[in-house]
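**Student:** Structure incoming, see below.
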Amino acid sequence: MNQPEESGANGGGKPGQYYSYGIPYLSISDYPGKLLAIEGTDGVGRSTQIRLLREWLEVQGYGVIETGWTRSELMSPTIDLAKSSNTLNKLTFVLLYATDFADRLEKEIIPALKAGFIVLSDRYIFTALARAGVRGVDRTWIRNLYGFGIAPHLVFYLRIDAKTLIRRVLQSRGMDYWESGMDMKLGDDIYESFRAYQRALLKEYASMSDEFSFRVLDARRRVEVIQDELRRQIAGFLAEPDSPAPIATKSE
Amino acid sequence: MEGIDGSGKTTQLALLAKWLKAAGHPVFQTEWNSSALVKAATKTGKKKNALTPMTFSLLHATDFADRLLYNVIPPLKAGMIVLADRYTYTAFARDAARGVDRRWVRELYSFAVKPDLAVYFRVPIDVSLDRLLARRVKLKFYEAGMDMGWSSQPLESFRIFQGKVLDEYDRLVDEYGLSLVNAAGSITDQQRVFRRLVSQHLEIAHHDDLVDESA
């Protein structure tokens, strides 16, 4: 067993491997699948990009599975309940998300990777790290917590500036309590709170870019332009020798 | 208060609380895995036997965090004696017995308040089983470690799983300086030892009160 030089998810980890201690009873060596994460705040167009990527990959014959944040069967109802009652404090917030992630990791992501799928993750642990960081949760502690996670082969970060982001969110779904950071009591004015919170989030993401080797994409451009760049980078990665072959060239 | 199921620690805790209250100490009790927040998820997970060792561990940590912030820290700040029926050591022992990384669990719980006194009621498995079966307690799926698939017989599974838990507790005694009570002894004998351990800490608390008043 490799002893990690730094504990937890501190330092980014080796692509495709556990960040740190991992899950000792679940060995993940030599699986054929790939884990690709698309990160970014709300309103940067992650789900559109993922839908297009999936289409493109499936046409080439790759098996694709999508996973999202807080979508596990086990935890979704509890997280929804806790959010609606506003009783969550930052620590339980963090731990509920980590439980949800563990459930999806063990039951969806790892089995899919072992079965040779390309897993497209709509958000990954960085969402949790950013939200917790903004809320003042100890950075080392939360990185240790997520030390059971798998470092993705590629992380794309769809970057946007605060001004554009705020306008997009207002245009689409509007502000909600949590995305406005109202639990942080930044002020009574929901717009001011929302702005301060989103700015702080963007700062957290920026500080993680180097730590976790994000491939940063400018999300203010047109959907097709971003998609082209994603495809170019993913195609390059999949062309590497240890990647799964598309169905058309599969020999066995 | 720590110990495996059937160690009698809940009985001991109740007797201790009576004694403390009779002596005029304000007491607050909190119990492992009892927060309303995670009850729904734990229940669903347990009913479907859908919990993995990792989600089992994290759900209990979530419960613990919730209780720490609502049921442990506020009463402590209010000057009460908090009696916790199980604490972080339960997680250290059980999660490690289920194959979760020991270092990871310890780091996970590093946000916890270190107890002034941690008492471990140590009991052999046969004694704990006799007590549980005498009360006609049906061995629960997760407490018997049935989720690990080591045996399809609840009794046998309980023995294997709780045996591993006992081994983990033994490590913790040294690592965290847990105070030992021989839980195979009579209820009165155990309570005598328990009260002696606790009273050492009450003298210090009493002294602090005097300092406070003069300040």
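Here's how to read the names in the structure tokens: chain A, B, ... by the order shown, residue numbers from 1 in each chain, ligand numbers from 1 in the order shown.
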Considering only C-alpha atoms, tabulate each residue of chain B that lies at most 10 Å from chain A along with its nearest interatomic pair and the corresponding distance in Å to one decimal; arrange the rows by chain and ascending residue number and present them as CSV.
**Tutor:**
```
residue,atom,partner,partner_atom,distance
B:Leu37,CA,A:Ala82,CA,6.9
B:Val38,CA,A:Thr78,CA,7.0
B:Lys39,CA,A:Thr78,CA,8.8
B:Ala40,CA,A:Thr78,CA,6.6
B:Ala41,CA,A:Thr78,CA,6.0
B:Thr42,CA,A:Leu74,CA,8.7
B:Lys43,CA,A:Leu74,CA,9.9
B:Thr44,CA,A:Leu74,CA,7.2
B:Gly45,CA,A:Leu74,CA,6.4
B:Lys48,CA,A:Leu74,CA,9.8
B:Ala50,CA,A:Leu74,CA,7.9
B:Leu51,CA,A:Asp103,CA,8.1
B:Thr52,CA,A:Asp103,CA,7.7
B:Pro53,CA,A:Tyr25,CA,9.1
B:Met54,CA,A:Ala102,CA,6.6
B:Thr55,CA,A:Thr99,CA,5.4
B:Phe56,CA,A:Thr99,CA,8.4
B:Ser57,CA,A:Thr99,CA,8.5
B:Leu58,CA,A:Thr99,CA,5.4
B:Leu59,CA,A:Thr99,CA,6.3
B:His60,CA,A:Leu95,CA,9.5
B:Ala61,CA,A:Leu95,CA,7.2
B:Thr62,CA,A:Thr92,CA,5.3
B:Asp63,CA,A:Thr92,CA,7.7
B:Phe64,CA,A:Thr92,CA,8.7
B:Ala65,CA,A:Thr92,CA,5.9
B:Asp66,CA,A:Thr92,CA,6.0
B:Arg67,CA,A:Thr92,CA,9.7
B:Leu69,CA,A:Asn89,CA,8.4
B:Tyr70,CA,A:Asn89,CA,10.0
B:Arg98,CA,A:Tyr25,CA,8.7
B:Gly99,CA,A:Tyr25,CA,5.9
B:Val100,CA,A:Pro24,CA,6.2
B:Asp101,CA,A:Pro24,CA,6.2
B:Arg102,CA,A:Tyr21,CA,9.3
B:Arg103,CA,A:Tyr21,CA,8.0
B:Trp104,CA,A:Tyr21,CA,6.8
B:Val105,CA,A:Leu145,CA,8.6
B:Glu107,CA,A:Asn144,CA,6.9
B:Leu108,CA,A:Leu145,CA,5.9
B:Tyr109,CA,A:Trp141,CA,9.4
B:Ser110,CA,A:Trp141,CA,7.9
B:Phe111,CA,A:Trp141,CA,8.5
```
**Student:** Which residues, written as a list in words, have at least one atom at most 7 Å from Leu16 (chain B), with only C-alpha atoms counted and residues fewer than 4 positions away on the same chain left out?
**Tutor:**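 The neighbour list is Gln12, Leu20 and Arg195 of chain B.
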**Student:** Any chance you could list, as number ranges by chain, the residues in chain B that come up alpha helix (DSSP H) when DSSP is run on the backbone?
**Tutor:** B: 9-22, 36-47, 53-67, 73-77, 88-97, 102-108, 125-134, 154-176, 187-214
**Student:** What is the distance between CA of Leu57 (chain A) and CA of Val225 (chain A), in Å to one decimal?
**Tutor:**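 Between CA of Leu57 (chain A) and CA of Val225 (chain A) the gap is 17.2 Å.
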**Student:** Can you tell me which residues surround Ile81 (chain B) at a distance of at most 12 Å, considering only C-alpha atoms, apart from same-chain residues fewer than 2 positions away, and format the answer as a ChimeraX atom specification?
**Tutor:** /B:16-17,20-21,24-30,71-79,83-84,115-117,198-199,201-202,205-206
**Student:** What is the CA of Lys185 (chain A)-CA of Arg173 (chain A) distance in Å, reported with one decimal?
**Tutor:**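 Between CA of Lys185 (chain A) and CA of Arg173 (chain A) the gap works out to 21.9 Å.
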**Student:** So which residues touch region 88-90 of chain B within 8 Å, counting only C-alpha atoms, skipping near sequence neighbours fewer than 6 positions away, as number ranges by chain?
**Tutor:** B: 2-3, 109, 112, 169, 172
**Student:** List the spatial neighbours of Lys114 (chain A) as JSON, numbers by chain - criterion: any atom at most 12 Å away, only C-alpha atoms, same-chain residues fewer than 3 positions off excluded.
**Tutor:** {"A": [16, 26, 27, 28, 29, 30, 31, 32, 33, 34, 35, 63, 105, 106, 107, 108, 109, 110, 111, 117, 118, 119, 244]}
**Student:** With C-alpha atoms kept, could you save the residues just selected as a compact mmCIF listing (two decimals), in the first residue's frame?
**Tutor:**
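Written file, selection-v1.txt:
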```
# COMPACT_ATOMS: atom_id res chain seq x y z
CA GLY A 16 -7.59 7.68 -11.01
CA LEU A 26 -12.53 -1.63 -1.81
CA SER A 27 -9.46 -2.05 -3.98
CA ILE A 28 -9.44 0.00 -7.19
CA SER A 29 -6.27 -0.97 -8.97
CA ASP A 30 -6.29 -1.44 -12.75
CA TYR A 31 -9.86 -0.61 -13.65
CA PRO A 32 -10.61 0.23 -17.28
CA GLY A 33 -12.98 3.20 -16.80
CA LYS A 34 -12.26 6.93 -16.65
CA LEU A 35 -13.54 9.57 -14.30
CA GLY A 63 -20.29 3.60 -22.33
CA LEU A 105 -18.78 6.54 -5.03
CA GLU A 106 -19.25 2.98 -3.79
CA LYS A 107 -22.49 2.17 -5.54
CA GLU A 108 -22.26 4.07 -8.83
CA ILE A 109 -18.84 5.48 -9.61
CA ILE A 110 -16.50 2.63 -8.66
CA PRO A 111 -18.68 -0.14 -10.16
CA PHE A 117 -17.54 3.21 -18.31
CA ILE A 118 -16.60 6.83 -18.70
CA VAL A 119 -18.09 8.52 -15.66
CA PRO A 244 -10.46 2.45 -23.17
```
**Student:** Restricting the calculation to only C-alpha atoms, which member of B:Val127, B:Ala184, B:Leu13, B:Val193 is positioned closest to Val82 (chain B)?
**Tutor:** B:Leu13
**Student:** For Gly163 (chain B), list every protein, DNA or RNA residue within 12 Å, evaluated using only C-alpha atoms, and leave out those in the same chain fewer than 6 positions away; present the list as a list in words.
**Tutor:**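 Surrounding residues, per the criterion: Ile4, Asp5, Ala93, Arg94, Ala97, Arg98, Arg122, Val123, Pro124, Ile125, Asp126, Ser128, Leu129, Glu143, Ala144, Gly145, Leu155, Glu156, Ser157, Tyr169 and Asp170 of chain B.
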**Student:** Which residues are close to Val169 (chain A), i.e. within 12 Å by only C-alpha atoms, leaving aside same-chain residues fewer than 3 positions away? Reply as a compact mmCIF listing (two decimals) with N, CA and C atoms, in the first residue's frame.
**Tutor:**
```txt
# COMPACT_ATOMS: atom_id res chain seq x y z
N THR A 41 -19.54 26.87 -10.66
CA THR A 41 -20.66 27.30 -9.83
C THR A 41 -21.97 27.12 -10.59
N ASP A 42 -23.06 27.40 -9.93
CA ASP A 42 -24.36 27.33 -10.59
C ASP A 42 -24.40 28.34 -11.72
N GLY A 43 -25.05 27.96 -12.82
CA GLY A 43 -25.26 28.92 -13.90
C GLY A 43 -24.13 29.01 -14.91
N VAL A 44 -23.16 28.09 -14.86
CA VAL A 44 -22.10 28.15 -15.86
C VAL A 44 -22.37 27.22 -17.03
N GLY A 45 -23.45 26.47 -16.97
CA GLY A 45 -23.82 25.61 -18.09
C GLY A 45 -23.23 24.21 -18.04
N ILE A 160 -16.13 31.59 -14.56
CA ILE A 160 -16.97 32.72 -14.95
C ILE A 160 -16.68 33.84 -13.96
N ALA A 162 -17.89 37.05 -11.50
CA ALA A 162 -19.02 37.20 -10.59
C ALA A 162 -20.18 37.95 -11.25
N LYS A 163 -19.88 38.98 -11.99
CA LYS A 163 -20.93 39.81 -12.59
C LYS A 163 -21.80 38.99 -13.55
N THR A 164 -21.12 38.27 -14.47
CA THR A 164 -21.86 37.45 -15.44
C THR A 164 -22.65 36.36 -14.72
N LEU A 165 -22.01 35.76 -13.75
CA LEU A 165 -22.64 34.66 -13.01
C LEU A 165 -23.94 35.14 -12.36
N ILE A 166 -23.87 36.27 -11.69
CA ILE A 166 -25.04 36.80 -10.98
C ILE A 166 -26.19 37.04 -11.96
N SER A 172 -32.10 32.80 -14.91
CA SER A 172 -32.62 31.44 -15.02
C SER A 172 -33.55 31.07 -13.86
N ARG A 173 -32.98 30.74 -12.73
CA ARG A 173 -33.85 30.22 -11.66
C ARG A 173 -34.05 31.22 -10.53
N GLY A 174 -33.27 32.24 -10.51
CA GLY A 174 -33.35 33.17 -9.39
C GLY A 174 -32.53 32.68 -8.22
N MET A 175 -32.44 33.50 -7.19
CA MET A 175 -31.60 33.16 -6.05
C MET A 175 -32.37 32.26 -5.10
N ASP A 176 -31.70 31.29 -4.50
CA ASP A 176 -32.37 30.56 -3.42
C ASP A 176 -31.57 30.74 -2.13
N GLU A 179 -27.96 28.99 -2.03
CA GLU A 179 -27.02 29.54 -3.02
C GLU A 179 -26.74 31.01 -2.76
N SER A 180 -27.54 31.61 -1.91
CA SER A 180 -27.28 33.00 -1.55
C SER A 180 -26.49 33.07 -0.24
N TYR A 191 -29.88 39.93 -2.07
CA TYR A 191 -29.01 40.18 -3.23
C TYR A 191 -27.57 40.41 -2.79
N PHE A 194 -26.15 37.14 -1.68
CA PHE A 194 -25.91 36.31 -2.85
C PHE A 194 -24.60 36.70 -3.54
N ARG A 195 -24.43 38.03 -3.72
CA ARG A 195 -23.24 38.54 -4.40
C ARG A 195 -21.97 38.22 -3.61
N GLN A 198 -21.33 34.35 -3.78
CA GLN A 198 -20.83 33.87 -5.06
C GLN A 198 -19.40 34.33 -5.32
```
**Student:** Could you work out how far CA of Arg131 (chain A) lies from CA of Met184 (chain A), giving the answer in Å with one decimal?
**Tutor:**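 Separation of CA of Met184 (chain A) and CA of Arg131 (chain A): 11.1 Å.
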**Student:** For each of B:Leu178, B:Gln191, B:Leu132, B:Ala96, take the minimum atom-to-atom distance to Val165 (chain B), counting only C-alpha atoms, then give the residue where this is smallest.
**Tutor:** B:Ala96
**Student:** Of the residues A:Ile190, A:Ile50, A:Ala239, A:Leu36, which is the one nearest to Leu113 (chain A), using only C-alpha atoms?
**Tutor:**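 Residue with the minimum atom-to-atom distance to Leu113 (chain A): A:Leu36.
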**Student:** Using the chain letters and numbers from this document, which residues of region 103-198 of chain B does DSSP assign to strand (DSSP E), as a compact mmCIF listing (two decimals) with N, CA and C atoms, in the first residue's frame?
**Tutor:**
```txt
# COMPACT_ATOMS: atom_id res chain seq x y z
N VAL B 119 -15.02 6.50 30.18
CA VAL B 119 -15.03 5.24 30.92
C VAL B 119 -15.44 4.11 29.97
N TYR B 120 -14.66 3.06 29.98
CA TYR B 120 -14.94 1.91 29.12
C TYR B 120 -15.36 0.72 29.97
N PHE B 121 -16.58 0.28 29.77
CA PHE B 121 -17.11 -0.90 30.48
C PHE B 121 -16.74 -2.14 29.68
N ARG B 122 -15.68 -2.80 30.13
CA ARG B 122 -15.19 -3.95 29.37
C ARG B 122 -15.86 -5.24 29.84
N SER B 179 -10.64 5.05 31.02
CA SER B 179 -10.68 4.43 32.34
C SER B 179 -11.49 3.14 32.24
N LEU B 180 -10.93 2.08 32.78
CA LEU B 180 -11.57 0.77 32.65
C LEU B 180 -12.45 0.44 33.84
N VAL B 181 -13.64 -0.12 33.53
CA VAL B 181 -14.47 -0.70 34.58
C VAL B 181 -14.74 -2.14 34.16
N ASN B 182 -14.54 -3.06 35.09
CA ASN B 182 -14.82 -4.46 34.77
C ASN B 182 -16.32 -4.66 34.76
```
